[in-house]
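Notes follow once the structure below has been shown.
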Amino acid sequence: MLPHLPFFPNTKDAADPHRQASPPGRGRGWGVGLPLLALLASCSGLKYIPEGSKLYTGSTVRVKSESTIPREAELTTELESVITPKPNTSFLGIRPKLYFWHLGEGKTKGLGHWLANKYGEKPVLLSQVDTQKVKGLMVNRLYNNGYFQPVVHSRVTVKGQAASVDYTATVGKPYTIKEIFFPEGDSLLPRAVRATQPGSLLKVGEPYSLQTFTNERIRIDGELKNQGFYYFNPDYILFQVDSTLNNQVNVYLKIKERTPEQASKPYLLNRIRLNTSYSLNDTTLSERPIRYRGYIYYPDEKVFKAKAITNATFIYPDSLYRRRRQDQTLSRLMSLGTFKYVDVGFRPARQKPDSAGYGFLNSYVRMTQLPKKSLRAEVLLVSKSNGFVGPGFRVQFRNRSALRGAEQLLVNLTGSFENQRRSNQNTIGLTSYELGADAQLLVPRLITPPFNIRLVNSDFQPRTTFGAGIRSVTRVDAFTQQGFNLNYGYTWKTKLTNEQELRPIDIQYLRLSNTTKEFDTLLVERPFLNNSFRQQFVLASSYRYTYNQQTQEQRRNQIYFSGGIEVAGNLAYLVSSLTGQQKITNPDGSQSYTILNQPFSQYTKVDLELRNYFRTSANPSSGNKFATRLLIGAGLPYQNARVLPYLKQYGIGGPNSVRAFAARGLGPGTYRTPAARENSAFYDQVGDLRIEANAEYRQDLFPYVKGALFIDAGNIWLINDDPSRQTIDENGNPDGKNGQFAFNTFLKELAVGAGAGLRIDVQFFVLRFDYAYPLRLPYSNTEIRNPLNTEEVLYKKTPDTGRFNIAIGYPF
């Protein structure tokens, strides 16, 4: 007789408590050392264990076999997961939570009681360990993995007032699958199940695994749901296993004899009702329905056109029911951004099955609208990557169906007052005012005439974006720069982890005005800087691809990648050269082509960002992780430009970059600002190339409080050398590099800093405090004086101090 496949219950692991302790510092002298030793002894928690009891300190698991154990590490981890109870939190023998619990033992109020309730942990004793139960669960897990005759032993090891339990599982060779048999029969359900066999997870020669059988049932159910079997569920599938063979099993997939009739046939969709004004409080339908594309549509013509809703609906009248289309409809309608609730449901139709035995379903899609128009005002703390911090405001008007097709119109008015303190340059500060207005129209479809592209296999609504804006930035005692922009592009996703953005048209016009005498002098002295600030058009096109696994919270290792390319000025250069447009002479003597007597920038820019997040705990809610990031950026100006526009150039340093240095306080290359030009350091420490790497370990400390240890490295460089940014050696002599990138020297020119930080993380808001110390400077850090006037300092020595950063959000 063939036994039914045993489905053993899985014991859910208790979440490991966060490790909050850290080793205390080393004391100075016996006056501090003796109390410290006493504190260590008390923090170990052993002195508080009742007489005759032993503190349970944990368990180990070992798997033994005369043959090779496939996936031994995974099997050991699974056996460890059933061990209960979990021991008290410990770090290097210190148990602070146990210590806090004893402070409040027997108390009903006071500091000790509060510490015990907030941070304490009751001692876990050896008497609480049920080894028979644990061994039984381990045997269960071994059976589930194909080890049908396991033996598990336990041994208690006592050391003073502490005790541990060691488990040893002795197993034979795991059973493997010899043959797999899918159900026979010519009725609809057996034929449909049999048709799924090519994609089966069960493979001949693979070890027997309960989890694989469970996943196979779910897979078959999913495929049947997409073939019309609406009422089918995985419980209607059974596996029978013949284990009488020599370390092999034959697997027979069966359909339950008592499977209901309605679950044994596929269904076609009959009537589909679309209601765009459904209310949870009022389910009556005030509008009379209309017929549109075969749907019964309850219109709200003041807000939506019927076409806008049916274009986002992927279940169709007179089609086969497919769960894939049901889920896609739900996702697409929600991603329109106009509904706060969408419900897709099905009911059996009264219509009799057709001649092929197919049943019929009626469907309804109920949508509850968000308010069509809204006005939102926010007061902000602005914290930018260039180090400017200050108060700001934003007022946003939103129309969620501006053209009655679920198009979202957003109009923003923003303003800020910001200041950047340059603590490494005495008390010099930079003040900035900014005002801006922009509008965006987000159309929930791809407008690609003459083609009609719908991306019917995507769960996510593609968008066409039209944007326009104006911004004015005033740097006090320097300049005012106005920027105007127009853009047109597309965003779309094919998977949850993938997103793409294409902007065929991205036009910017930059104009400099209200410059001060000091800033004008600076531009005259530095032709490269003058070119980057010149009045010009930026006629660009760009593409960006983003891959993000952070949406998959169960993954221990998550990868984020973003890569983009931006090309500007090529078409303008072609038009200008073919039409004989007038050229202008730049401050450095070079000539530039123009469009309508205005110069334009010409460049290609590539940006790559790779991040990796590895969670050190198996618990998905744990914040203990290693986070790393690599940034590579390169902008190549050519033909009509020798330098990128200032707003397109790279800066490095600051709270979201190399934190031991001020924002835009590094580079390019080994360049450092002469003492006489400290006021203008912000403007010239930019470049065309960037390389940056960051590594950070994040640790949960207390509720809403996280700690971090980090190290940062990076620098920027120029494509073309700039004589006005002369680099020098340790003797004050020019070294000839002038900020240019060179493969044989760039590693030596990386700035390196390290530090520690705290984060106040309340989910919707993160306040970050980081202290970073420079470990390596990219330039020769010597004070150099004028040989003709020794009282004049040409280059100052950088103070040997760290930097304290306050920022909003995580650095990456």
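Here, A, B, ... name the chains of the structure tokens in the order displayed, residue numbers run from 1 inside each chain, and ligands are numbered from 1 in the same displayed order.
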
Just the residues within 10 Å of Ile180 of chain A, please, counting only C-alpha atoms, with nothing from its chain fewer than 6 positions along; format it as a compact mmCIF listing (two decimals) with N, CA and C atoms, in the first residue's frame.
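Below is the file around.txt, written as the result:
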```
# COMPACT_ATOMS: atom_id res chain seq x y z
N GLN A 197 2.95 19.33 -16.41
CA GLN A 197 4.11 18.52 -16.04
C GLN A 197 5.43 19.05 -16.58
N SER A 200 7.31 21.06 -14.00
CA SER A 200 7.30 20.49 -12.65
C SER A 200 8.59 20.78 -11.90
N LEU A 202 9.45 18.79 -9.44
CA LEU A 202 9.93 17.47 -9.05
C LEU A 202 10.80 16.91 -10.16
N LYS A 203 12.03 16.56 -9.81
CA LYS A 203 12.99 16.09 -10.80
C LYS A 203 13.50 14.71 -10.40
N VAL A 204 13.57 13.83 -11.37
CA VAL A 204 14.13 12.49 -11.13
C VAL A 204 15.59 12.63 -10.69
N VAL A 241 3.61 8.32 -2.00
CA VAL A 241 5.03 8.02 -2.14
C VAL A 241 5.28 6.56 -1.82
N VAL A 249 12.29 6.68 -4.14
CA VAL A 249 10.84 6.74 -4.01
C VAL A 249 10.22 6.96 -5.38
N ASN A 250 9.06 6.38 -5.57
CA ASN A 250 8.21 6.70 -6.71
C ASN A 250 7.12 7.65 -6.21
N VAL A 251 6.87 8.69 -6.97
CA VAL A 251 5.91 9.71 -6.56
C VAL A 251 4.70 9.65 -7.49
N TYR A 252 3.51 9.54 -6.90
CA TYR A 252 2.26 9.50 -7.65
C TYR A 252 1.44 10.73 -7.28
N LEU A 253 1.23 11.61 -8.26
CA LEU A 253 0.42 12.80 -8.03
C LEU A 253 -1.04 12.44 -8.27
```

Handout entry: In segment 645-722 of chain A, DSSP helix (DSSP H, G or I) residues written as a list in words
Key = Tyr646, Leu647, Lys648, Ala675, Ala676, Arg677, Glu678, Asn679, Ser680, Ala681, Phe682, Tyr683 and Asp684 of chain A

Please write the residues from the selection above to a file, keeping N, CA and C atoms, as a CSV table (one decimal), in the first residue's frame.
```
chain,number,residue,atom,x,y,z
A,646,TYR,N,27.8,73.9,-14.9
A,646,TYR,CA,28.1,73.8,-13.5
A,646,TYR,C,27.1,72.9,-12.8
A,647,LEU,N,25.8,72.9,-13.1
A,647,LEU,CA,24.8,72.1,-12.4
A,647,LEU,C,24.9,70.6,-12.8
A,648,LYS,N,25.7,70.3,-13.9
A,648,LYS,CA,25.9,68.9,-14.3
A,648,LYS,C,27.2,68.3,-13.8
A,675,ALA,N,44.9,79.5,0.1
A,675,ALA,CA,44.4,80.3,1.2
A,675,ALA,C,43.7,81.6,0.8
A,676,ALA,N,44.2,82.2,-0.3
A,676,ALA,CA,43.6,83.4,-0.8
A,676,ALA,C,42.3,83.2,-1.5
A,677,ARG,N,41.9,82.0,-1.8
A,677,ARG,CA,40.7,81.7,-2.5
A,677,ARG,C,39.7,80.9,-1.7
A,678,GLU,N,39.8,80.9,-0.4
A,678,GLU,CA,39.0,80.0,0.4
A,678,GLU,C,37.5,80.4,0.2
A,679,ASN,N,37.2,81.7,0.0
A,679,ASN,CA,35.8,82.1,-0.2
A,679,ASN,C,35.2,81.5,-1.4
A,680,SER,N,36.0,81.2,-2.4
A,680,SER,CA,35.4,80.6,-3.7
A,680,SER,C,35.6,79.1,-3.8
A,681,ALA,N,36.0,78.5,-2.7
A,681,ALA,CA,36.3,77.0,-2.8
A,681,ALA,C,35.1,76.2,-3.2
A,682,PHE,N,33.9,76.7,-2.8
A,682,PHE,CA,32.7,75.9,-3.2
A,682,PHE,C,32.5,75.8,-4.7
A,683,TYR,N,33.0,76.8,-5.4
A,683,TYR,CA,32.7,76.9,-6.8
A,683,TYR,C,33.6,76.1,-7.7
A,684,ASP,N,34.9,76.0,-7.2
A,684,ASP,CA,35.9,75.3,-8.1
A,684,ASP,C,36.2,73.9,-7.8
```

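The interatomic distance for the pair atom CA of Thr494 of chain A and atom CA of Gln328 of chain A works out to 11.6 Å.
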
Problem - Spatial neighbours of segment 742-744 of chain A, max dist 12 Å, only C-alpha atoms, sep filter under 3 positions, as a ChimeraX atom specification - result: /A:668-670,689,716-721,736-739,747-749

Exercise for the section: Extract, using only C-alpha atoms, all DNA, RNA and protein residues at most 6 Å from segment 437-445 of chain A, discarding same-chain residues fewer than 6 positions from it, and format them as a PyMOL selection string. Expected result: chain A and resi 407-413+462-470

Handout entry: Neighbour list for Arg394 of chain A as a PyMOL selection string, cut-off 6 Å, only C-alpha atoms, skip fewer than 5 positions in-chain
Key = chain A and resi 377-378+413-414

Problem - Distance criterion (only C-alpha atoms): nearest to Tyr603 of chain A out of A:Gly635, A:Gly136, A:Gly228, A:Gly110 - result: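 Checking each candidate against Tyr603 of chain A, we get A:Gly635 as the closest.
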
Practice task
Go through A:Asn140, A:Arg366, A:Pro234, A:Gln240 and flag the residue nearest Phe181 of chain A, using only C-alpha atoms for the distances.
Solution key: A:Gln240
